[in-house]
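Here is my_file_14.txt, consisting of compact mmCIF, C-alpha atoms and all ligand atoms:
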# COMPACT_ATOMS: atom_id res chain seq x y z
CA MET E 45 20.32 19.49 24.70
CA ARG E 46 17.68 18.19 22.29
CA SER E 47 18.26 18.77 18.60
CA LYS E 48 15.32 19.97 16.52
CA TYR E 49 13.10 17.78 14.33
CA VAL E 50 11.00 19.12 11.45
CA ALA E 51 8.61 16.79 9.66
CA GLY E 52 6.43 17.39 6.62
CA ASN E 53 3.11 15.58 6.52
CA TRP E 54 2.01 15.77 2.91
CA LYS E 55 -1.38 14.21 3.71
CA MET E 56 -3.47 13.27 0.63
CA ASN E 57 -1.79 15.75 -1.72
CA MET E 58 0.42 15.66 -4.77
CA ASP E 59 0.80 13.49 -7.85
CA LYS E 60 3.83 11.39 -8.70
CA GLU E 61 5.58 14.10 -10.66
CA GLY E 62 4.91 16.72 -7.99
CA ALA E 63 6.07 14.42 -5.21
CA GLN E 64 9.32 13.70 -7.01
CA ALA E 65 9.90 17.38 -7.80
CA LEU E 66 9.30 18.41 -4.19
CA ALA E 67 11.61 15.69 -2.89
CA LYS E 68 14.33 16.81 -5.31
CA GLY E 69 13.88 20.44 -4.29
CA LEU E 70 14.16 19.58 -0.61
CA VAL E 71 17.27 17.45 -1.04
CA GLU E 72 18.93 20.55 -2.48
CA SER E 73 17.49 23.17 -0.16
CA LEU E 74 18.07 21.27 3.10
CA LYS E 75 21.61 20.24 2.21
CA GLY E 76 24.02 21.12 5.02
CA LEU E 77 21.28 22.06 7.48
CA ASN E 78 21.72 20.73 10.91
CA ALA E 79 18.52 19.21 12.32
CA LYS E 80 16.44 16.08 11.83
CA PHE E 81 14.18 16.24 8.77
CA MET E 82 11.43 13.86 7.71
CA ILE E 83 8.89 13.92 4.89
CA ALA E 84 5.79 11.74 4.81
CA PRO E 85 4.33 11.41 1.29
CA PRO E 86 1.20 9.38 0.52
CA PHE E 87 1.80 5.59 0.54
CA VAL E 88 1.84 5.24 -3.24
CA TYR E 89 4.68 7.74 -3.67
CA LEU E 90 6.88 6.47 -0.82
CA ASP E 91 9.02 4.26 -3.01
CA SER E 92 9.76 6.82 -5.70
CA VAL E 93 10.41 9.57 -3.15
CA TYR E 94 12.80 7.25 -1.31
CA GLN E 95 14.86 6.78 -4.48
CA ILE E 96 15.37 10.56 -4.48
CA ILE E 97 16.08 11.24 -0.79
CA LYS E 98 18.17 8.21 0.11
CA GLY E 99 21.65 9.25 1.15
CA SER E 100 20.44 12.80 1.95
CA ASN E 101 19.73 14.28 5.38
CA ILE E 102 15.98 13.68 4.96
CA ILE E 103 14.35 10.52 6.26
CA LEU E 104 11.19 8.94 4.93
CA GLY E 105 8.00 8.76 6.96
CA ALA E 106 4.61 7.16 6.40
CA GLN E 107 1.34 8.76 7.48
CA ASP E 108 -0.23 5.64 8.99
CA MET E 109 0.09 1.84 9.07
CA ALA E 110 -1.83 -1.27 9.99
CA ALA E 111 -2.19 -2.54 13.54
CA THR E 112 -1.46 -6.09 12.44
CA GLU E 113 1.55 -7.85 11.01
CA ASN E 114 0.21 -9.36 7.76
CA GLY E 115 -2.61 -11.40 6.30
CA ALA E 116 -6.19 -10.81 5.21
CA HIS E 117 -6.59 -7.08 5.93
CA THR E 118 -7.85 -5.56 2.69
CA GLY E 119 -6.39 -2.16 1.94
CA ALA E 120 -3.95 -2.15 4.84
CA VAL E 121 -0.19 -1.57 4.74
CA SER E 122 2.06 -3.25 7.29
CA GLY E 123 5.06 -1.91 9.15
CA ALA E 124 7.27 -4.52 7.52
CA MET E 125 6.17 -3.36 4.05
CA LEU E 126 7.01 0.23 4.94
CA LYS E 127 10.38 -0.76 6.34
CA ASP E 128 11.04 -2.80 3.20
CA ILE E 129 10.82 0.27 0.95
CA GLY E 130 12.94 2.64 3.01
CA VAL E 131 10.50 4.12 5.50
CA SER E 132 12.10 4.73 8.87
CA THR E 133 9.32 6.39 10.82
CA VAL E 134 5.54 6.49 10.93
CA ILE E 135 3.07 9.16 12.03
CA LEU E 136 0.36 7.58 14.21
CA GLY E 137 -2.73 8.96 15.90
CA HIS E 138 -3.06 12.00 13.67
CA SER E 139 -6.31 13.81 14.45
CA GLU E 140 -7.44 13.25 10.85
CA ARG E 141 -7.12 9.49 11.53
CA ARG E 142 -8.88 9.87 14.87
CA TYR E 143 -11.83 11.93 13.62
CA GLU E 144 -12.22 10.93 9.96
CA PHE E 145 -11.38 7.24 10.37
CA TYR E 146 -12.62 6.70 13.94
CA GLU E 147 -9.26 5.64 15.34
CA ASN E 148 -9.22 5.49 19.11
CA ASP E 149 -6.38 5.32 21.62
CA THR E 150 -6.58 1.53 21.84
CA LEU E 151 -6.09 1.09 18.10
CA ILE E 152 -3.35 3.71 18.04
CA ASN E 153 -1.60 1.90 20.87
CA ARG E 154 -1.71 -1.37 18.90
CA LYS E 155 -0.26 0.42 15.87
CA ILE E 156 2.56 1.87 17.97
CA HIS E 157 3.49 -1.58 19.29
CA GLU E 158 3.38 -2.97 15.77
CA ALA E 159 5.49 -0.13 14.35
CA LEU E 160 8.20 -0.59 16.95
CA LYS E 161 8.17 -4.35 16.39
CA SER E 162 8.76 -3.65 12.69
CA GLY E 163 11.76 -1.46 13.50
CA LEU E 164 10.06 1.86 12.73
CA ASP E 165 10.24 5.01 14.82
CA VAL E 166 6.98 6.71 15.69
CA VAL E 167 5.59 10.23 15.84
CA LEU E 168 2.54 10.02 18.10
CA CYS E 169 0.08 12.86 17.50
CA ILE E 170 -2.08 14.18 20.29
CA GLY E 171 -4.20 17.29 20.70
CA GLU E 172 -7.47 18.76 21.84
CA LEU E 173 -10.56 20.00 20.02
CA SER E 174 -11.52 23.65 20.43
CA SER E 175 -14.44 22.52 22.63
CA HIS E 176 -11.91 20.91 24.99
CA ARG E 177 -9.84 24.09 25.13
CA ILE E 178 -12.88 26.24 25.84
CA VAL E 179 -13.80 24.18 28.90
CA GLY E 180 -10.19 23.98 30.09
CA VAL E 181 -9.46 20.26 29.65
CA THR E 182 -6.66 20.51 27.05
CA GLU E 183 -3.93 19.10 29.29
CA ARG E 184 -6.18 16.34 30.61
CA ILE E 185 -7.09 15.25 27.04
CA CYS E 186 -3.43 15.21 26.03
CA GLU E 187 -2.52 13.20 29.12
CA ILE E 188 -5.15 10.56 28.35
CA GLN E 189 -3.97 10.31 24.73
CA ILE E 190 -0.38 9.88 25.92
CA ARG E 191 -1.11 7.36 28.67
CA ASP E 192 -3.43 5.23 26.52
CA GLY E 193 -1.33 5.58 23.38
CA LEU E 194 1.83 4.54 25.16
CA ALA E 195 0.33 1.74 27.29
CA GLY E 196 2.84 -1.09 27.59
CA ILE E 197 5.66 0.86 25.93
CA THR E 198 8.96 0.30 27.73
CA ASP E 199 11.62 2.87 28.60
CA GLU E 200 13.81 1.55 25.80
CA GLN E 201 10.99 1.71 23.27
CA LEU E 202 10.20 5.29 24.25
CA SER E 203 13.53 6.37 22.80
CA HIS E 204 12.05 5.54 19.35
CA ILE E 205 9.03 7.78 19.89
CA SER E 206 8.46 11.52 19.43
CA ILE E 207 5.23 13.29 20.30
CA ALA E 208 3.53 15.88 18.14
CA TYR E 209 1.15 18.23 19.91
CA GLU E 210 -1.37 19.29 17.29
CA PRO E 211 -4.36 21.27 18.59
CA VAL E 212 -7.12 20.15 16.23
CA TRP E 213 -8.53 23.68 15.93
CA ALA E 214 -5.19 24.88 14.58
CA ILE E 215 -4.79 22.26 11.84
CA GLY E 216 -5.23 23.66 8.36
CA THR E 217 -7.15 26.64 9.73
CA GLY E 218 -4.45 29.30 9.69
CA LYS E 219 -5.03 29.67 13.44
CA THR E 220 -1.97 28.83 15.49
CA ALA E 221 -1.59 28.36 19.20
CA THR E 222 0.37 31.31 20.52
CA PRO E 223 3.95 30.43 21.41
CA GLN E 224 2.97 30.64 25.10
CA GLU E 225 -0.14 28.44 24.68
CA ALA E 226 1.91 25.86 22.81
CA GLN E 227 4.77 26.05 25.31
CA ASP E 228 2.37 25.49 28.22
CA VAL E 229 0.97 22.31 26.68
CA HIS E 230 4.42 21.07 25.68
CA ALA E 231 5.65 21.55 29.24
CA SER E 232 2.68 19.60 30.56
CA VAL E 233 3.29 16.81 28.02
CA ARG E 234 6.89 16.62 29.19
CA SER E 235 5.75 16.39 32.80
CA VAL E 236 3.37 13.54 31.92
CA ILE E 237 6.31 11.69 30.34
CA SER E 238 8.36 12.42 33.44
CA ARG E 239 5.69 10.97 35.70
CA ILE E 240 5.47 7.78 33.60
CA TYR E 241 9.08 7.28 32.49
CA GLY E 242 11.14 9.54 34.76
CA PRO E 243 12.93 12.86 34.29
CA LYS E 244 15.70 11.60 32.01
CA ALA E 245 13.24 10.24 29.43
CA ALA E 246 11.24 13.46 29.69
CA GLU E 247 14.35 15.52 29.07
CA GLU E 248 15.23 13.46 25.99
CA ILE E 249 11.90 13.02 24.21
CA LYS E 250 11.23 15.35 21.29
CA ILE E 251 7.89 17.14 21.37
CA LEU E 252 6.91 18.77 18.08
CA TYR E 253 4.25 21.39 17.50
CA GLY E 254 1.80 21.08 14.61
CA GLY E 255 -1.06 23.31 13.52
CA SER E 256 -0.59 26.00 10.87
CA MET E 257 3.13 26.33 11.53
CA ASN E 258 4.69 28.36 8.74
CA ALA E 259 7.66 30.54 7.88
CA SER E 260 6.16 33.51 9.72
CA ASN E 261 5.44 31.89 13.08
CA ALA E 262 8.00 29.07 13.19
CA GLU E 263 10.87 31.09 14.60
CA GLU E 264 8.95 32.15 17.69
CA LEU E 265 7.37 28.74 18.24
CA LEU E 266 10.69 26.93 17.84
CA ALA E 267 12.30 29.31 20.34
CA GLN E 268 10.14 27.96 23.17
CA PRO E 269 12.09 25.74 25.56
CA ASP E 270 9.83 22.70 25.22
CA ILE E 271 9.10 22.94 21.48
CA ASP E 272 11.59 20.67 19.75
CA GLY E 273 10.39 21.02 16.20
CA GLY E 274 7.34 20.99 14.00
CA LEU E 275 4.98 18.65 12.20
CA ILE E 276 3.99 20.69 9.18
CA GLY E 277 1.02 20.16 6.87
CA GLY E 278 0.20 22.86 4.32
CA ALA E 279 3.57 24.59 4.49
CA SER E 280 5.39 21.31 3.80
CA LEU E 281 4.00 21.09 0.26
CA LYS E 282 6.41 23.56 -1.33
CA THR E 283 10.16 23.86 -1.09
CA ASP E 284 9.81 27.61 -0.59
CA THR E 285 7.50 27.32 2.39
CA PHE E 286 9.09 24.29 4.10
CA THR E 287 12.74 25.28 3.81
CA PRO E 288 12.58 28.47 5.94
CA ILE E 289 11.06 26.46 8.83
CA CYS E 290 13.88 23.91 8.50
CA LYS E 291 16.40 26.76 8.54
CA PHE E 292 15.01 28.18 11.78
CA ALA E 293 15.24 24.70 13.29
CA SER E 294 18.84 24.22 12.31
CA ARG E 295 20.13 27.42 13.95
P1 LIG X 1 -1.21 22.30 8.88
O1 LIG X 1 0.23 22.70 9.03
O2 LIG X 1 -1.72 22.34 7.49
O3 LIG X 1 -2.07 23.04 9.86
O4 LIG X 1 -1.29 20.76 9.32
C1 LIG X 1 -0.69 20.37 10.49
C2 LIG X 1 -0.75 18.90 10.57
O5 LIG X 1 -1.81 18.32 10.70
C3 LIG X 1 0.50 18.15 10.43
O6 LIG X 1 0.33 16.81 10.70
Show me this structure written as structure tokens.
Amino acid sequence: MRSKYVAGNWKMNMDKEGAQALAKGLVESLKGLNAKFMIAPPFVYLDSVYQIIKGSNIILGAQDMAATENGAHTGAVSGAMLKDIGVSTVILGHSERRYEFYENDTLINRKIHEALKSGLDVVLCIGELSSHRIVGVTERICEIQIRDGLAGITDEQLSHISIAYEPVWAIGTGKTATPQEAQDVHASVRSVISRIYGPKAAEEIKILYGGSMNASNAEELLAQPDIDGGLIGGASLKTDTFTPICKFASR
């Protein structure tokens, strides 16, 4: 039986004081809850947030990282640097990275290899545009993103990876996939993993849903058999909106 995993992607929000206050609030409000929790603040606040959450049941995530180990890569942040300041997992392939920063599956695949080499776990984001859904290629798009993103990843390495299905049309729009629509894609993602890595790996991998998940729709989404948690954007920015989702997940 897979335990649930709820992650907050703070994106490019917050100032230092706000980040620290939110981290403090969450340490209190998630105390004693029984699921896996991660928060991913902007790079510049990672260190100070870590000082607040270390020793709690919340782990620290980063929102991206470089595809290379070190050296002359202006503006980039390496996996080793993240690891050094307490980060244990990294979100890769987010649609905002794919569409705003032109990241493709090849680059994302390099980042995944680099993250694992640095000892970080990975949340690989996949998901279709609304134009894909309209023409009925959602599952095909997700399969390509999985196969190309995970190229060369071994069975052992897969145990350090979770997948987040985030339909791009549902991100930050207030539109959510219905529980059945999300469940259908999650089941197909699990079957892709089964075809590549076998049924045991497919049974074990956590597949999170992201895209306007909030306190009102989380319970129904999290009740679906193949939805193992959530990757939350907007609703992760306040203790009051993130905590109820975490509570549903820890039931
Ligand atoms: P929203 O929850 O704001 O739709 O964002 C989802 C997301 O992109 C999480 O990574």
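By chain and then residue number, the residues within 7 Å of Tyr94 (chain E) are Leu90, Asp91, Ile97, Lys98, Leu104 and Gly130 of chain E, counting only C-alpha atoms and disregarding those fewer than 3 positions away in sequence.
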(request) Using all atoms listed in the file, find each residue with an atom at most 6 Å away from ligand LIG 1 (chain X) and format the answer as a ChimeraX atom specification. (result) /E:53,214-216,254-257,275-279
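Every polymer residue reaching to within 9 Å of (10.6, 7.1, 7.8), counting only C-alpha atoms, appears in this list: E:Met82, E:Ile83, E:Ala84, E:Ile102, E:Ile103, E:Leu104, E:Gly105, E:Ala106, E:Leu126, E:Lys127, E:Gly130, E:Val131, E:Ser132, E:Thr133, E:Val134, E:Ile135, E:Leu164, E:Asp165, E:Val166.
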Against region 137-159 of chain E, which residues of region 199-294 of chain E fall within 9 Å? For each one I want the closest pair of atoms and the distance in Å (one decimal), counting only C-alpha atoms, rows by chain and increasing residue number, as JSON lines.
{"residue": "E:Ile205", "atom": "CA", "partner": "E:Ile156", "partner_atom": "CA", "distance": 9.0}
{"residue": "E:Ala208", "atom": "CA", "partner": "E:His138", "partner_atom": "CA", "distance": 8.9}
{"residue": "E:Glu210", "atom": "CA", "partner": "E:Ser139", "partner_atom": "CA", "distance": 7.9}
{"residue": "E:Pro211", "atom": "CA", "partner": "E:Ser139", "partner_atom": "CA", "distance": 8.8}
{"residue": "E:Val212", "atom": "CA", "partner": "E:Ser139", "partner_atom": "CA", "distance": 6.6}
{"residue": "E:Ile215", "atom": "CA", "partner": "E:Ser139", "partner_atom": "CA", "distance": 9.0}
(request) Have a look at E:Gln227, E:Asn114, E:Ser206, E:Thr217 and name the one nearest to Ala246 (chain E); count all atoms listed in the file. (result) E:Ser206
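Distances from E:Ser203, E:Thr222, E:Gln107, E:Ser260 to Cys169 (chain E) were compared using all atoms listed in the file, and the smallest one belongs to E:Gln107.
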Each residue of region 73-146 of chain E lying at most 10 Å from region 287-294 of chain E should get a row with its shortest atom-to-atom pair and the distance in Å to one decimal, counting only C-alpha atoms; could you produce that, ordered by chain and increasing number, as a tab-separated table?
residue	atom	partner	partner_atom	distance
E:Ser73	CA	E:Thr287	CA	6.5
E:Leu74	CA	E:Thr287	CA	6.7
E:Gly76	CA	E:Ser294	CA	9.5
E:Leu77	CA	E:Ser294	CA	5.8
E:Asn78	CA	E:Ser294	CA	4.7
E:Ala79	CA	E:Ser294	CA	5.0
E:Lys80	CA	E:Ser294	CA	8.5
E:Phe81	CA	E:Cys290	CA	7.7
Just-selected residues, C-alpha atoms written as a PDB file, keeping the file's coordinate frame:
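New file out33.pdb:
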ATOM      1  CA  SER E  73      17.490  23.170  -0.160  1.00  0.00           C
ATOM      2  CA  LEU E  74      18.070  21.270   3.100  1.00  0.00           C
ATOM      3  CA  GLY E  76      24.020  21.120   5.020  1.00  0.00           C
ATOM      4  CA  LEU E  77      21.280  22.060   7.480  1.00  0.00           C
ATOM      5  CA  ASN E  78      21.720  20.730  10.910  1.00  0.00           C
ATOM      6  CA  ALA E  79      18.520  19.210  12.320  1.00  0.00           C
ATOM      7  CA  LYS E  80      16.440  16.080  11.830  1.00  0.00           C
ATOM      8  CA  PHE E  81      14.180  16.240   8.770  1.00  0.00           C
TER       9      PHE E  81
END
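For the set E:Thr112, E:Thr182, E:Thr283, E:Ser174, the residue with the smallest atom-to-atom gap to Ala259 (chain E) is E:Thr283, counting only C-alpha atoms.
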(request) Tell me, in Å to one decimal, how far CA of Met125 (chain E) is from CA of Ala63 (chain E). (result) 20.0 Å
(request) Point out the residue among E:Ile178, E:Leu202, E:Ala116, E:Leu168 with the least atom-to-atom distance to Lys244 (chain E), counting all atoms listed in the file. (result) E:Leu202
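We find CA of Pro269 (chain E) and CA of His230 (chain E) to be spaced 9.0 Å apart.
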Six-sided padding of 6 Å per side, axis-aligned box over region 143-155 of chain E, centre and edges in Å, one decimal, as lines of an AutoDock Vina configuration file:
center_x = -6.4
center_y = 5.3
center_z = 15.9
size_x = 24.4
size_y = 25.3
size_z = 23.9
(request) Could you pull out every residue with an atom within 7 Å of (5.7, 34.8, 18.7), file coordinates, counting all atoms listed in the file, and send them as number ranges by chain? (result) E: 222-223, 261, 264-265
Slice of the block: region 213-249 of chain E, N, CA and C atoms, as a PDB file, in the first residue's frame:
ATOM      1  N   TRP E 213      -3.387  22.811 -18.604  1.00  0.00           N
ATOM      2  CA  TRP E 213      -4.590  23.647 -18.616  1.00  0.00           C
ATOM      3  C   TRP E 213      -5.209  23.782 -17.220  1.00  0.00           C
ATOM      4  N   ALA E 214      -4.778  22.971 -16.296  1.00  0.00           N
ATOM      5  CA  ALA E 214      -5.350  23.023 -14.945  1.00  0.00           C
ATOM      6  C   ALA E 214      -4.456  23.780 -13.968  1.00  0.00           C
ATOM      7  N   ILE E 215      -3.260  24.180 -14.419  1.00  0.00           N
ATOM      8  CA  ILE E 215      -2.311  24.813 -13.496  1.00  0.00           C
ATOM      9  C   ILE E 215      -2.628  26.293 -13.332  1.00  0.00           C
ATOM     10  N   GLY E 216      -2.948  26.662 -12.109  1.00  0.00           N
ATOM     11  CA  GLY E 216      -3.176  28.073 -11.792  1.00  0.00           C
ATOM     12  C   GLY E 216      -4.420  28.652 -12.444  1.00  0.00           C
ATOM     13  N   THR E 217      -5.278  27.800 -12.980  1.00  0.00           N
ATOM     14  CA  THR E 217      -6.445  28.286 -13.712  1.00  0.00           C
ATOM     15  C   THR E 217      -7.727  28.138 -12.908  1.00  0.00           C
ATOM     16  N   GLY E 218      -7.661  27.377 -11.818  1.00  0.00           N
ATOM     17  CA  GLY E 218      -8.889  27.081 -11.077  1.00  0.00           C
ATOM     18  C   GLY E 218      -9.663  25.932 -11.708  1.00  0.00           C
ATOM     19  N   LYS E 219      -9.242  25.519 -12.906  1.00  0.00           N
ATOM     20  CA  LYS E 219      -9.878  24.333 -13.531  1.00  0.00           C
ATOM     21  C   LYS E 219      -9.123  23.108 -13.060  1.00  0.00           C
ATOM     22  N   THR E 220      -9.845  22.103 -12.642  1.00  0.00           N
ATOM     23  CA  THR E 220      -9.183  20.866 -12.206  1.00  0.00           C
ATOM     24  C   THR E 220      -9.664  19.729 -13.094  1.00  0.00           C
ATOM     25  N   ALA E 221      -8.787  18.774 -13.330  1.00  0.00           N
ATOM     26  CA  ALA E 221      -9.272  17.544 -13.966  1.00  0.00           C
ATOM     27  C   ALA E 221     -10.284  16.930 -13.010  1.00  0.00           C
ATOM     28  N   THR E 222     -11.328  16.333 -13.540  1.00  0.00           N
ATOM     29  CA  THR E 222     -12.261  15.650 -12.638  1.00  0.00           C
ATOM     30  C   THR E 222     -11.508  14.475 -12.017  1.00  0.00           C
ATOM     31  N   PRO E 223     -11.979  13.999 -10.870  1.00  0.00           N
ATOM     32  CA  PRO E 223     -11.309  12.840 -10.270  1.00  0.00           C
ATOM     33  C   PRO E 223     -11.190  11.682 -11.258  1.00  0.00           C
ATOM     34  N   GLN E 224     -12.226  11.479 -12.079  1.00  0.00           N
ATOM     35  CA  GLN E 224     -12.162  10.359 -13.045  1.00  0.00           C
ATOM     36  C   GLN E 224     -11.143  10.633 -14.149  1.00  0.00           C
ATOM     37  N   GLU E 225     -11.124  11.886 -14.660  1.00  0.00           N
ATOM     38  CA  GLU E 225     -10.127  12.217 -15.707  1.00  0.00           C
ATOM     39  C   GLU E 225      -8.714  12.025 -15.164  1.00  0.00           C
ATOM     40  N   ALA E 226      -8.487  12.504 -13.954  1.00  0.00           N
ATOM     41  CA  ALA E 226      -7.152  12.382 -13.363  1.00  0.00           C
ATOM     42  C   ALA E 226      -6.820  10.914 -13.126  1.00  0.00           C
ATOM     43  N   GLN E 227      -7.778  10.170 -12.569  1.00  0.00           N
ATOM     44  CA  GLN E 227      -7.554   8.748 -12.311  1.00  0.00           C
ATOM     45  C   GLN E 227      -7.185   8.008 -13.606  1.00  0.00           C
ATOM     46  N   ASP E 228      -7.888   8.311 -14.686  1.00  0.00           N
ATOM     47  CA  ASP E 228      -7.616   7.613 -15.951  1.00  0.00           C
ATOM     48  C   ASP E 228      -6.173   7.839 -16.404  1.00  0.00           C
ATOM     49  N   VAL E 229      -5.706   9.095 -16.292  1.00  0.00           N
ATOM     50  CA  VAL E 229      -4.322   9.354 -16.728  1.00  0.00           C
ATOM     51  C   VAL E 229      -3.336   8.697 -15.759  1.00  0.00           C
ATOM     52  N   HIS E 230      -3.628   8.786 -14.471  1.00  0.00           N
ATOM     53  CA  HIS E 230      -2.726   8.155 -13.493  1.00  0.00           C
ATOM     54  C   HIS E 230      -2.599   6.654 -13.747  1.00  0.00           C
ATOM     55  N   ALA E 231      -3.728   6.018 -14.056  1.00  0.00           N
ATOM     56  CA  ALA E 231      -3.685   4.572 -14.329  1.00  0.00           C
ATOM     57  C   ALA E 231      -2.841   4.300 -15.569  1.00  0.00           C
ATOM     58  N   SER E 232      -2.945   5.179 -16.562  1.00  0.00           N
ATOM     59  CA  SER E 232      -2.157   4.945 -17.780  1.00  0.00           C
ATOM     60  C   SER E 232      -0.669   5.208 -17.526  1.00  0.00           C
ATOM     61  N   VAL E 233      -0.373   6.188 -16.669  1.00  0.00           N
ATOM     62  CA  VAL E 233       1.032   6.436 -16.300  1.00  0.00           C
ATOM     63  C   VAL E 233       1.592   5.191 -15.586  1.00  0.00           C
ATOM     64  N   ARG E 234       0.792   4.646 -14.688  1.00  0.00           N
ATOM     65  CA  ARG E 234       1.268   3.458 -13.965  1.00  0.00           C
ATOM     66  C   ARG E 234       1.492   2.294 -14.937  1.00  0.00           C
ATOM     67  N   SER E 235       0.651   2.196 -15.964  1.00  0.00           N
ATOM     68  CA  SER E 235       0.851   1.082 -16.890  1.00  0.00           C
ATOM     69  C   SER E 235       2.076   1.313 -17.773  1.00  0.00           C
ATOM     70  N   VAL E 236       2.398   2.573 -18.052  1.00  0.00           N
ATOM     71  CA  VAL E 236       3.650   2.850 -18.795  1.00  0.00           C
ATOM     72  C   VAL E 236       4.844   2.406 -17.940  1.00  0.00           C
ATOM     73  N   ILE E 237       4.804   2.754 -16.657  1.00  0.00           N
ATOM     74  CA  ILE E 237       5.900   2.352 -15.761  1.00  0.00           C
ATOM     75  C   ILE E 237       5.984   0.830 -15.687  1.00  0.00           C
ATOM     76  N   SER E 238       4.837   0.179 -15.676  1.00  0.00           N
ATOM     77  CA  SER E 238       4.830  -1.279 -15.630  1.00  0.00           C
ATOM     78  C   SER E 238       5.467  -1.867 -16.887  1.00  0.00           C
ATOM     79  N   ARG E 239       5.161  -1.278 -18.027  1.00  0.00           N
ATOM     80  CA  ARG E 239       5.736  -1.808 -19.273  1.00  0.00           C
ATOM     81  C   ARG E 239       7.252  -1.598 -19.306  1.00  0.00           C
ATOM     82  N   ILE E 240       7.737  -0.504 -18.728  1.00  0.00           N
ATOM     83  CA  ILE E 240       9.193  -0.249 -18.762  1.00  0.00           C
ATOM     84  C   ILE E 240       9.902  -0.997 -17.632  1.00  0.00           C
ATOM     85  N   TYR E 241       9.351  -0.908 -16.426  1.00  0.00           N
ATOM     86  CA  TYR E 241      10.089  -1.384 -15.235  1.00  0.00           C
ATOM     87  C   TYR E 241       9.458  -2.602 -14.556  1.00  0.00           C
ATOM     88  N   GLY E 242       8.292  -3.020 -15.032  1.00  0.00           N
ATOM     89  CA  GLY E 242       7.638  -4.185 -14.436  1.00  0.00           C
ATOM     90  C   GLY E 242       6.590  -3.793 -13.412  1.00  0.00           C
ATOM     91  N   PRO E 243       5.715  -4.764 -13.087  1.00  0.00           N
ATOM     92  CA  PRO E 243       4.551  -4.472 -12.233  1.00  0.00           C
ATOM     93  C   PRO E 243       4.903  -4.062 -10.811  1.00  0.00           C
ATOM     94  N   LYS E 244       6.005  -4.568 -10.272  1.00  0.00           N
ATOM     95  CA  LYS E 244       6.333  -4.237  -8.879  1.00  0.00           C
ATOM     96  C   LYS E 244       6.697  -2.748  -8.775  1.00  0.00           C
ATOM     97  N   ALA E 245       7.533  -2.296  -9.705  1.00  0.00           N
ATOM     98  CA  ALA E 245       7.924  -0.875  -9.715  1.00  0.00           C
ATOM     99  C   ALA E 245       6.694   0.006  -9.923  1.00  0.00           C
ATOM    100  N   ALA E 246       5.785  -0.451 -10.786  1.00  0.00           N
ATOM    101  CA  ALA E 246       4.576   0.333 -11.069  1.00  0.00           C
ATOM    102  C   ALA E 246       3.687   0.418  -9.833  1.00  0.00           C
ATOM    103  N   GLU E 247       3.650  -0.658  -9.080  1.00  0.00           N
ATOM    104  CA  GLU E 247       2.842  -0.686  -7.866  1.00  0.00           C
ATOM    105  C   GLU E 247       3.421   0.263  -6.814  1.00  0.00           C
ATOM    106  N   GLU E 248       4.753   0.397  -6.817  1.00  0.00           N
ATOM    107  CA  GLU E 248       5.413   1.175  -5.761  1.00  0.00           C
ATOM    108  C   GLU E 248       5.538   2.667  -6.059  1.00  0.00           C
ATOM    109  N   ILE E 249       5.612   3.043  -7.318  1.00  0.00           N
ATOM    110  CA  ILE E 249       5.919   4.452  -7.618  1.00  0.00           C
ATOM    111  C   ILE E 249       4.741   5.359  -7.221  1.00  0.00           C
TER     112      ILE E 249
END
